[in-house]
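A.B. asks: Here you go, upload-v7.txt (compact mmCIF, C-alpha atoms):
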```txt
# COMPACT_ATOMS: atom_id res chain seq x y z
CA MET A 1 30.62 124.63 38.85
CA GLU A 2 30.24 128.25 39.86
CA ILE A 3 27.03 129.87 41.12
CA SER A 4 27.38 132.43 38.33
CA ASN A 5 26.44 129.73 35.79
CA LEU A 6 23.34 128.56 37.67
CA PRO A 7 20.02 129.12 35.80
CA ILE A 8 18.41 131.44 38.38
CA SER A 9 17.32 135.05 38.39
CA PRO A 10 20.08 137.71 38.55
CA SER A 11 18.74 139.12 41.82
CA ILE A 12 18.87 135.72 43.57
CA ARG A 13 22.34 135.05 42.12
CA SER A 14 23.54 138.41 43.43
CA LYS A 15 22.22 137.63 46.92
CA LEU A 16 23.92 134.22 46.90
CA LEU A 17 27.26 135.71 45.91
CA SER A 18 26.97 138.49 48.47
CA LYS A 19 26.45 135.87 51.20
CA GLY A 20 29.52 133.93 50.12
CA TYR A 21 27.84 131.12 48.16
CA THR A 22 30.16 130.91 45.16
CA SER A 23 29.99 127.21 44.21
CA LEU A 24 27.43 124.42 44.11
CA SER A 25 29.18 122.57 46.93
CA SER A 26 28.74 125.60 49.22
CA LEU A 27 24.99 124.90 49.13
CA SER A 28 25.36 121.18 49.84
CA SER A 29 23.97 121.11 53.38
CA ILE A 30 21.62 124.08 53.28
CA SER A 31 17.92 123.59 54.03
CA PRO A 32 15.32 125.61 52.10
CA SER A 33 14.11 127.41 55.23
CA PHE A 34 17.66 128.41 56.24
CA LEU A 35 18.47 129.63 52.73
CA ALA A 36 15.24 131.64 52.58
CA GLN A 37 16.09 133.34 55.86
CA GLU A 38 19.72 133.88 54.83
CA LEU A 39 18.78 135.56 51.52
CA SER A 40 15.58 137.23 52.78
CA VAL A 41 13.53 135.57 50.02
CA LYS A 42 10.35 133.48 49.94
CA LEU A 43 10.60 129.81 50.84
CA GLU A 44 9.41 128.85 47.35
CA GLU A 45 12.31 130.80 45.81
CA ALA A 46 14.82 129.06 48.07
CA VAL A 47 13.38 125.66 47.09
CA GLU A 48 13.72 126.55 43.40
CA VAL A 49 17.36 127.53 43.93
CA LEU A 50 18.20 124.19 45.57
CA ARG A 51 16.32 122.29 42.87
CA ALA A 52 18.25 124.16 40.19
CA VAL A 53 21.51 123.25 41.93
CA SER A 54 20.52 119.57 42.17
CA ASP A 55 19.31 119.40 38.54
CA THR A 56 22.40 121.18 37.23
CA THR A 57 24.78 118.93 39.14
CA THR A 58 23.02 115.75 38.00
CA SER A 59 22.75 116.90 34.39
CA LYS A 60 26.37 117.99 34.27
CA SER A 61 27.69 114.68 35.60
CA ALA A 62 25.48 112.63 33.28
CA HIS A 63 25.96 114.49 30.00
CA THR A 64 29.09 116.66 30.04
CA PRO A 65 32.25 115.07 28.61
CA ASN A 66 35.06 116.32 30.87
CA GLY A 67 37.70 113.92 29.72
CA ILE A 68 39.03 112.03 26.71
CA ILE A 69 36.23 109.45 26.90
CA PRO A 70 32.77 111.00 26.36
CA GLY A 71 30.79 111.07 29.59
CA ALA A 72 33.82 111.21 31.91
CA VAL A 73 33.68 113.55 34.90
CA THR A 74 36.37 114.91 37.18
CA ALA A 75 36.85 113.78 40.76
CA TRP A 76 36.03 117.34 41.87
CA ASP A 77 32.68 117.18 40.05
CA MET A 78 31.98 113.83 41.68
CA LEU A 79 32.76 115.19 45.15
CA SER A 80 30.60 118.28 44.57
CA GLU A 81 27.71 116.10 43.44
CA GLU A 82 28.05 113.75 46.42
CA GLN A 83 27.98 116.72 48.79
CA MET A 84 24.80 118.00 47.13
CA GLN A 85 22.99 114.68 47.34
CA ARG A 86 20.14 114.32 49.80
CA HIS A 87 19.53 110.99 51.49
CA ILE A 88 16.45 108.92 52.23
CA SER A 89 15.84 108.71 55.96
CA THR A 90 15.28 105.26 57.46
CA GLY A 91 13.13 106.72 60.24
CA CYS A 92 15.79 105.88 62.83
CA GLU A 93 18.19 108.74 63.60
CA ASP A 94 20.94 106.44 64.86
CA LEU A 95 20.80 104.33 61.70
CA ASP A 96 20.76 107.44 59.50
CA ALA A 97 23.83 108.71 61.36
CA ILE A 98 25.99 105.62 60.74
CA LEU A 99 24.85 105.59 57.09
CA GLY A 100 26.04 109.15 56.61
CA GLY A 101 22.56 110.65 56.44
CA GLY A 102 20.44 107.74 55.25
CA ILE A 103 20.13 105.62 52.11
CA HIS A 104 22.24 107.08 49.28
CA CYS A 105 21.03 107.83 45.77
CA LYS A 106 23.07 106.53 42.81
CA GLU A 107 23.90 103.42 44.84
CA VAL A 108 22.56 99.90 45.28
CA THR A 109 22.01 98.98 48.93
CA GLU A 110 21.33 95.42 50.05
CA VAL A 111 19.45 94.84 53.31
CA GLY A 112 19.36 91.29 54.67
CA GLY A 113 18.23 89.52 57.80
CA VAL A 114 16.23 86.71 59.35
CA PRO A 115 12.43 86.52 59.03
CA GLY A 116 10.61 88.92 61.36
CA ILE A 117 13.55 91.30 61.79
CA GLY A 118 11.83 94.12 59.89
CA LYS A 119 13.15 94.04 56.31
CA THR A 120 9.77 94.70 54.69
CA GLN A 121 8.93 97.25 57.38
CA LEU A 122 12.11 99.14 56.46
CA GLY A 123 11.28 98.84 52.76
CA ILE A 124 7.83 100.37 53.23
CA GLN A 125 9.29 103.06 55.51
CA LEU A 126 11.75 104.07 52.79
CA ALA A 127 8.97 104.09 50.16
CA VAL A 128 7.13 106.60 52.35
CA ASN A 129 10.12 108.67 53.48
CA VAL A 130 11.43 109.24 49.95
CA GLN A 131 8.29 111.34 49.45
CA ILE A 132 9.03 113.78 52.28
CA PRO A 133 8.87 117.23 50.60
CA VAL A 134 12.07 119.10 49.82
CA GLU A 135 10.93 121.84 52.21
CA TYR A 136 11.38 119.36 55.07
CA GLY A 137 14.76 118.06 53.93
CA GLY A 138 13.43 115.14 51.89
CA LEU A 139 13.68 114.24 48.21
CA GLY A 140 10.04 114.92 47.31
CA GLY A 141 10.16 111.85 45.03
CA LYS A 142 8.19 108.66 44.51
CA ALA A 143 8.96 104.95 44.89
CA VAL A 144 8.74 101.75 42.87
CA TYR A 145 8.04 98.70 45.05
CA ILE A 146 8.65 95.31 43.37
CA ASP A 147 7.13 92.61 45.59
CA THR A 148 8.19 89.02 44.90
CA GLU A 149 6.82 87.47 48.10
CA GLY A 150 3.47 89.19 48.64
CA SER A 151 4.80 90.89 51.78
CA PHE A 152 3.70 94.45 50.97
CA MET A 153 0.56 95.57 52.81
CA ALA A 154 -1.24 98.76 51.80
CA GLU A 155 -2.72 99.05 55.30
CA ARG A 156 0.78 99.02 56.77
CA ALA A 157 1.92 101.67 54.30
CA TYR A 158 -1.05 103.78 55.45
CA GLN A 159 0.04 103.49 59.10
CA ILE A 160 3.64 104.36 58.27
CA ALA A 161 2.56 107.36 56.16
CA GLU A 162 0.48 108.59 59.11
CA GLY A 163 3.53 108.27 61.36
CA CYS A 164 5.70 110.14 58.87
CA ILE A 165 3.21 113.03 58.67
CA TYR A 166 2.96 113.07 62.48
CA ASP A 167 6.75 113.41 62.74
CA ILE A 168 6.79 116.27 60.22
CA LEU A 169 4.05 118.18 62.03
CA ASP A 170 5.76 117.54 65.36
CA LYS A 171 8.99 119.07 64.03
CA PHE A 172 7.41 121.84 61.93
CA PRO A 173 4.28 123.49 63.44
CA SER A 174 1.22 123.77 61.19
CA ASN A 175 1.61 127.56 61.05
CA SER A 176 5.19 127.39 59.73
CA ARG A 177 6.10 128.57 56.24
CA GLU A 178 7.18 125.06 55.28
CA PHE A 179 3.80 123.57 56.20
CA LEU A 180 1.80 126.24 54.41
CA SER A 181 3.84 125.78 51.23
CA CYS A 182 3.20 122.01 50.96
CA LYS A 183 0.04 121.45 53.01
CA GLU A 184 -1.75 119.61 50.21
CA ARG A 185 1.08 117.09 49.81
CA LEU A 186 1.01 116.11 53.49
CA GLN A 187 -1.97 113.80 53.06
CA VAL A 188 -1.84 110.03 53.54
CA ASN A 189 -3.56 109.35 50.22
CA ASN A 190 -0.85 111.34 48.41
CA PHE A 191 1.88 109.25 50.03
CA LEU A 192 0.16 106.01 48.99
CA ALA A 193 -0.35 107.35 45.46
CA GLY A 194 3.41 107.91 45.30
CA ILE A 195 4.20 104.18 45.60
CA PHE A 196 4.12 102.27 42.29
CA TYR A 197 3.57 98.60 43.14
CA PHE A 198 4.53 95.58 41.01
CA ARG A 199 3.58 92.05 42.15
CA ILE A 200 6.01 89.48 40.76
CA CYS A 201 5.20 85.75 40.69
CA SER A 202 8.20 84.23 38.89
CA TYR A 203 11.83 84.95 38.11
CA THR A 204 10.92 85.55 34.45
CA GLU A 205 8.48 88.27 35.52
CA GLN A 206 11.17 89.73 37.76
CA ILE A 207 13.63 89.90 34.86
CA ALA A 208 10.96 91.43 32.60
CA VAL A 209 10.03 94.15 35.10
CA ILE A 210 13.65 95.12 35.72
CA ASN A 211 14.20 95.31 31.95
CA TYR A 212 11.07 97.50 31.68
CA LEU A 213 12.18 99.85 34.46
CA GLU A 214 14.20 102.15 32.22
CA ASN A 215 11.11 103.02 30.16
CA PHE A 216 8.98 103.38 33.29
CA LEU A 217 11.51 105.66 34.99
CA THR A 218 11.79 107.78 31.87
CA GLU A 219 8.01 108.33 31.99
CA HIS A 220 8.04 108.91 35.78
CA GLY A 221 11.03 111.16 36.31
CA ASP A 222 10.13 111.86 39.94
CA VAL A 223 10.85 108.28 41.09
CA LYS A 224 13.82 108.39 43.48
CA LEU A 225 13.69 104.88 44.96
CA VAL A 226 13.37 101.32 43.64
CA ILE A 227 12.82 98.52 46.17
CA ILE A 228 12.86 94.78 45.41
CA ASP A 229 11.38 92.67 48.23
CA SER A 230 13.01 90.26 48.01
CA VAL A 231 15.54 89.98 45.22
CA THR A 232 16.26 86.33 46.05
CA PHE A 233 12.88 84.61 46.48
CA HIS A 234 12.20 83.27 42.97
CA PHE A 235 15.85 82.65 42.18
CA ARG A 236 16.17 80.34 45.18
CA GLN A 237 12.99 78.44 44.30
CA ASP A 238 13.11 78.02 40.52
CA PHE A 239 16.79 77.66 39.56
CA ASP A 240 18.66 74.35 39.50
CA ASP A 241 21.58 75.55 37.36
CA LEU A 242 23.59 77.68 39.81
CA ALA A 243 26.03 78.90 37.15
CA GLN A 244 23.16 80.18 35.02
CA ARG A 245 21.58 81.77 38.09
CA THR A 246 24.82 83.61 38.85
CA ARG A 247 25.01 84.94 35.29
CA VAL A 248 21.38 86.10 35.27
CA LEU A 249 21.69 87.79 38.67
CA GLY A 250 24.94 89.43 37.62
CA GLY A 251 23.20 90.93 34.60
CA LEU A 252 20.30 92.19 36.73
CA SER A 253 22.62 93.78 39.30
CA LEU A 254 24.54 95.60 36.57
CA ARG A 255 21.29 96.89 35.10
CA LEU A 256 20.07 98.12 38.48
CA MET A 257 23.40 99.85 39.12
CA LYS A 258 23.13 101.55 35.72
CA LEU A 259 19.56 102.72 36.45
CA SER A 260 20.59 104.14 39.83
CA LYS A 261 23.27 106.26 38.15
CA MET A 262 21.21 107.20 35.11
CA PHE A 263 18.15 108.41 37.03
CA ASN A 264 19.89 109.58 40.23
CA LEU A 265 17.88 107.25 42.47
CA ALA A 266 18.46 104.72 45.23
CA VAL A 267 18.02 100.98 44.69
CA VAL A 268 17.32 98.89 47.79
CA LEU A 269 17.42 95.08 47.54
CA LEU A 270 15.95 93.09 50.42
CA ASN A 271 17.55 89.68 50.86
CA GLN A 272 16.85 86.48 52.77
CA VAL A 273 19.28 84.43 54.82
CA THR A 274 20.51 80.87 54.41
CA THR A 275 22.94 78.57 56.20
CA LYS A 276 26.59 78.14 55.25
CA PHE A 277 28.98 75.47 56.54
CA THR A 278 32.09 77.27 57.79
CA ASP A 279 34.87 76.09 60.13
CA GLY A 280 33.04 72.91 61.07
CA SER A 281 29.65 74.51 61.85
CA PHE A 282 26.60 75.97 60.13
CA GLN A 283 26.26 79.75 60.21
CA LEU A 284 23.63 82.16 58.91
CA THR A 285 24.61 84.16 55.86
CA LEU A 286 22.78 86.16 53.19
CA ALA A 287 21.38 84.17 50.29
CA LEU A 288 22.80 83.83 46.74
CA GLY A 289 26.41 83.20 47.72
CA ASP A 290 29.67 85.12 47.75
CA SER A 291 29.51 86.24 44.11
CA TRP A 292 26.28 88.15 44.78
CA SER A 293 27.88 90.06 47.66
CA HIS A 294 29.89 92.05 45.10
CA SER A 295 26.75 93.19 43.27
CA CYS A 296 25.78 95.96 45.68
CA THR A 297 27.44 99.18 46.83
CA ASN A 298 26.35 98.89 50.46
CA ARG A 299 25.28 95.93 52.57
CA ILE A 300 23.28 96.25 55.80
CA ILE A 301 22.64 93.24 58.04
CA LEU A 302 19.60 93.35 60.34
CA HIS A 303 19.98 91.06 63.35
CA TRP A 304 18.88 90.42 66.91
CA ASN A 305 21.09 91.47 69.81
CA GLY A 306 19.27 89.77 72.65
CA ASN A 307 15.77 91.25 72.51
CA GLU A 308 16.94 94.32 70.58
CA ARG A 309 16.90 94.78 66.82
CA CYS A 310 20.16 96.11 65.37
CA ALA A 311 21.38 97.17 61.94
CA TYR A 312 25.02 96.53 61.07
CA ILE A 313 26.85 98.08 58.09
CA GLU A 314 28.86 95.16 56.74
CA LYS A 315 30.02 96.85 53.54
CA SER A 316 30.21 100.46 52.35
CA PRO A 317 32.76 102.48 50.37
CA SER A 318 31.91 105.73 52.15
CA VAL A 319 31.25 104.96 55.84
CA PRO A 320 32.92 102.65 58.36
CA SER A 321 31.32 99.49 59.69
CA ALA A 322 29.05 100.32 62.61
CA SER A 323 25.90 99.15 64.34
CA ALA A 324 22.75 100.94 65.48
CA PRO A 325 19.67 99.70 67.37
CA TYR A 326 16.18 100.37 66.00
CA LEU A 327 12.55 99.66 66.78
CA VAL A 328 9.66 98.45 64.63
CA THR A 329 6.65 100.31 66.05
CA GLY A 330 3.04 100.74 65.00
CA LYS A 331 4.10 103.88 63.12
CA GLY A 332 7.13 102.36 61.41
CA ILE A 333 10.91 102.22 61.92
CA ARG A 334 12.08 104.43 64.79
CA GLY A 335 15.10 104.94 67.02
CA ILE A 336 15.17 103.59 70.54
CA ASN A 337 14.86 107.14 71.94
CA SER A 338 11.94 108.04 69.66
CA ASN A 339 8.60 109.42 70.79
CA PHE A 340 7.14 106.12 69.63
CA LYS A 341 9.18 104.09 72.12
CA ARG A 342 6.05 103.50 74.19
CA ALA A 343 3.97 102.70 71.13
CA ARG A 344 3.14 99.11 70.36
CA ILE A 345 6.35 97.39 69.30
CA MET A 346 5.99 94.73 66.62
```
What do you get writing this file as structure tokens?
C.D. replies:
Amino acid sequence: MEISNLPISPSIRSKLLSKGYTSLSSLSSISPSFLAQELSVKLEEAVEVLRAVSDTTTSKSAHTPNGIIPGAVTAWDMLSEEQMQRHISTGCEDLDAILGGGIHCKEVTEVGGVPGIGKTQLGIQLAVNVQIPVEYGGLGGKAVYIDTEGSFMAERAYQIAEGCIYDILDKFPSNSREFLSCKERLQVNNFLAGIFYFRICSYTEQIAVINYLENFLTEHGDVKLVIIDSVTFHFRQDFDDLAQRTRVLGGLSLRLMKLSKMFNLAVVLLNQVTTKFTDGSFQLTLALGDSWSHSCTNRIILHWNGNERCAYIEKSPSVPSASAPYLVTGKGIRGINSNFKRARIM
């Protein structure tokens, strides 16, 4: 889609064209502050331009019939949209790098690992980071956290939100234009208010909540992340009929995939591990079996490498398999070269 069709003021459109921005994809990697400086406009105007681009791209792909079958889109439109998508930072630069920028919207990402490796810590970190304002390169969205195990701790979310704000202020001084434009949003209570929490105590409740999500997301259009921690817990405890369990889980995964596309959000499923007898020995593998492994777009395995935590991309259609070390600190997930390296490691 051309810039000339973007719903923005004629003066801004003229400035974009004069600087060589002729298509939506040409604005794919531009930050609001850079665009404001490039066009000599206010930061708020630059933010509105990028929001218009994002909204137009999403709306076009979801509602415009570009083929024989209604709702079809061209490969070029898909590529342009992918280039425009922002990602949710994990808090670890090395992990973001191997993921291609972070957790992707419109995809279902499974994260599995042994107890104590940091799955819930990563889940809470993502629920906080998805709320980073657009001015700072974030999505400025909110999160739905579906807790099946009782692992979510509001006090921990408070600590991680403090760490996120600290990082933002460390990167962008308090006298910067970005800070002044979203000062009120950079409060811990606002980050906690942006996490919608559901406590689930049975697999029937889990099914009911996932079925209710479409209505909830329609009412809360700013939600950009859905986390289920963990997707497996009740299905491992309460199901004796494995064939029925596979069918039910298959239906849930299809629904979650549909929601991620429909509402342009990321779905993150935290998973437990189990043992599998292979080649004469027992090995650790993610729960729910081989059929479940096809239910997600991306799969990340968290594991120990000696005394070091590592994240390994086992499956992804867009990035190669790779591994990155990370830390779980008092302020959340961080890279091994982070300022929090000397902070208390959990």
A.B. asks: A:Val108, A:Ala46, A:Leu225, A:Ala154: which is nearest A:Val134, counting all atoms listed in the file?
C.D. replies: A:Ala46
A.B. asks: With a distance cut-off of 8 Å and only C-alpha atoms, select the neighbouring residues of A:Gly91, excluding the residue or stretch itself and same-chain residues fewer than 4 positions from it, and output the selection as a PyMOL selection string.
C.D. replies: chain A and resi 96+125+129+332-335
A.B. asks: When distances are computed from all atoms listed in the file, which of A:Leu217, A:Met78, A:Ala157, A:Leu50 shows the smallest separation from A:Glu135?
C.D. replies: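 So, comparing all the options, the nearest one is A:Leu50.
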A.B. asks: Measuring atom to atom with all atoms listed in the file, identify which of A:Gly330, A:Lys119, A:Asn189, A:Ile168 is nearest to A:Val273.
C.D. replies: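 Once distances to A:Val273 are computed over all atoms listed in the file, the minimum belongs to A:Lys119.
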A.B. asks: Calculated over all atoms listed in the file, which of the candidates A:Val114, A:Ala266, A:Leu79, A:Ile210 has the smallest distance to A:Ile146?
C.D. replies: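 Closest residue, counting all atoms listed in the file: A:Ile210.
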A.B. asks: Rounded to one decimal place, report the atom CA of A:Arg236-atom CA of A:Lys258 distance in Å.
C.D. replies: 24.2 Å
A.B. asks: May I ask for the distance between atom CA of A:Ile8 and atom CA of A:Glu48, given in Å to one decimal place?
C.D. replies: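 Going from atom CA of A:Ile8 over to atom CA of A:Glu48 covers 8.4 Å.
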A.B. asks: Go ahead and compute the interatomic distance for atom CA of A:Leu35 and atom CA of A:Val73, in Å to one decimal.
C.D. replies: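 So the two atoms, atom CA of A:Leu35 and atom CA of A:Val73, lie 28.4 Å apart.
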A.B. asks: From the set A:Val47, A:Leu265, A:Ile200, A:Ala324, which residue has the shortest atom-to-atom contact distance to A:Glu149, counting only C-alpha atoms?
C.D. replies: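 Ranked by minimum distance to A:Glu149, first place goes to A:Ile200.
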A.B. asks: For A:Ala127, which residue out of A:Ser33, A:Thr90, A:Ser151, A:Asn298 is the nearest one, using only C-alpha atoms?
C.D. replies: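 For A:Ala127, the nearest of the given residues is A:Thr90.
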A.B. asks: May I ask you to restore N, CA, C and O atoms in stretch 181-201 of chain A and write the result as a compact mmCIF listing (two decimals), in the frame of the given file?
C.D. replies:
```
# COMPACT_ATOMS: atom_id res chain seq x y z
N SER A 181 3.44 125.90 52.63
CA SER A 181 3.84 125.78 51.23
C SER A 181 3.57 124.39 50.64
O SER A 181 3.52 124.23 49.43
N CYS A 182 3.42 123.36 51.50
CA CYS A 182 3.20 122.01 50.96
C CYS A 182 2.11 121.27 51.74
O CYS A 182 2.17 120.05 51.90
N LYS A 183 1.12 122.02 52.21
CA LYS A 183 0.04 121.45 53.01
C LYS A 183 -0.69 120.34 52.27
O LYS A 183 -1.01 119.29 52.84
N GLU A 184 -0.97 120.57 50.98
CA GLU A 184 -1.75 119.61 50.21
C GLU A 184 -1.02 118.27 50.04
O GLU A 184 -1.65 117.23 49.92
N ARG A 185 0.31 118.32 50.01
CA ARG A 185 1.08 117.09 49.81
C ARG A 185 1.16 116.24 51.07
O ARG A 185 1.46 115.05 50.99
N LEU A 186 0.92 116.85 52.22
CA LEU A 186 1.01 116.11 53.49
C LEU A 186 -0.31 115.43 53.82
O LEU A 186 -0.91 115.65 54.87
N GLN A 187 -0.76 114.59 52.89
CA GLN A 187 -1.97 113.80 53.06
C GLN A 187 -1.60 112.34 52.83
O GLN A 187 -0.81 112.01 51.94
N VAL A 188 -2.18 111.45 53.64
CA VAL A 188 -1.84 110.03 53.54
C VAL A 188 -2.10 109.48 52.15
O VAL A 188 -1.29 108.72 51.60
N ASN A 189 -3.24 109.88 51.55
CA ASN A 189 -3.56 109.35 50.22
C ASN A 189 -2.52 109.75 49.18
O ASN A 189 -2.23 108.99 48.24
N ASN A 190 -1.90 110.93 49.34
CA ASN A 190 -0.85 111.34 48.41
C ASN A 190 0.41 110.50 48.57
O ASN A 190 1.08 110.19 47.58
N PHE A 191 0.72 110.12 49.80
CA PHE A 191 1.88 109.25 50.03
C PHE A 191 1.66 107.87 49.41
O PHE A 191 2.55 107.31 48.78
N LEU A 192 0.45 107.33 49.57
CA LEU A 192 0.16 106.01 48.99
C LEU A 192 0.15 106.07 47.47
O LEU A 192 0.57 105.12 46.79
N ALA A 193 -0.33 107.19 46.92
CA ALA A 193 -0.35 107.35 45.46
C ALA A 193 1.05 107.49 44.89
O ALA A 193 1.24 107.32 43.68
N GLY A 194 2.03 107.76 45.75
CA GLY A 194 3.41 107.91 45.30
C GLY A 194 4.21 106.62 45.33
O GLY A 194 5.43 106.64 45.15
N ILE A 195 3.53 105.49 45.60
CA ILE A 195 4.20 104.18 45.60
C ILE A 195 3.65 103.37 44.43
O ILE A 195 2.47 103.00 44.42
N PHE A 196 4.51 103.09 43.45
CA PHE A 196 4.12 102.27 42.29
C PHE A 196 4.45 100.81 42.60
O PHE A 196 5.62 100.47 42.79
N TYR A 197 3.42 99.96 42.64
CA TYR A 197 3.57 98.60 43.14
C TYR A 197 3.51 97.59 41.99
O TYR A 197 2.61 97.63 41.15
N PHE A 198 4.50 96.68 41.97
CA PHE A 198 4.53 95.58 41.01
C PHE A 198 4.55 94.27 41.78
O PHE A 198 5.44 94.05 42.60
N ARG A 199 3.59 93.38 41.52
CA ARG A 199 3.58 92.05 42.15
C ARG A 199 4.19 91.06 41.17
O ARG A 199 3.71 90.90 40.04
N ILE A 200 5.24 90.39 41.60
CA ILE A 200 6.01 89.48 40.76
C ILE A 200 5.81 88.05 41.24
O ILE A 200 5.96 87.77 42.43
N CYS A 201 5.50 87.13 40.31
CA CYS A 201 5.20 85.75 40.69
C CYS A 201 6.18 84.72 40.13
O CYS A 201 5.98 83.52 40.35
```
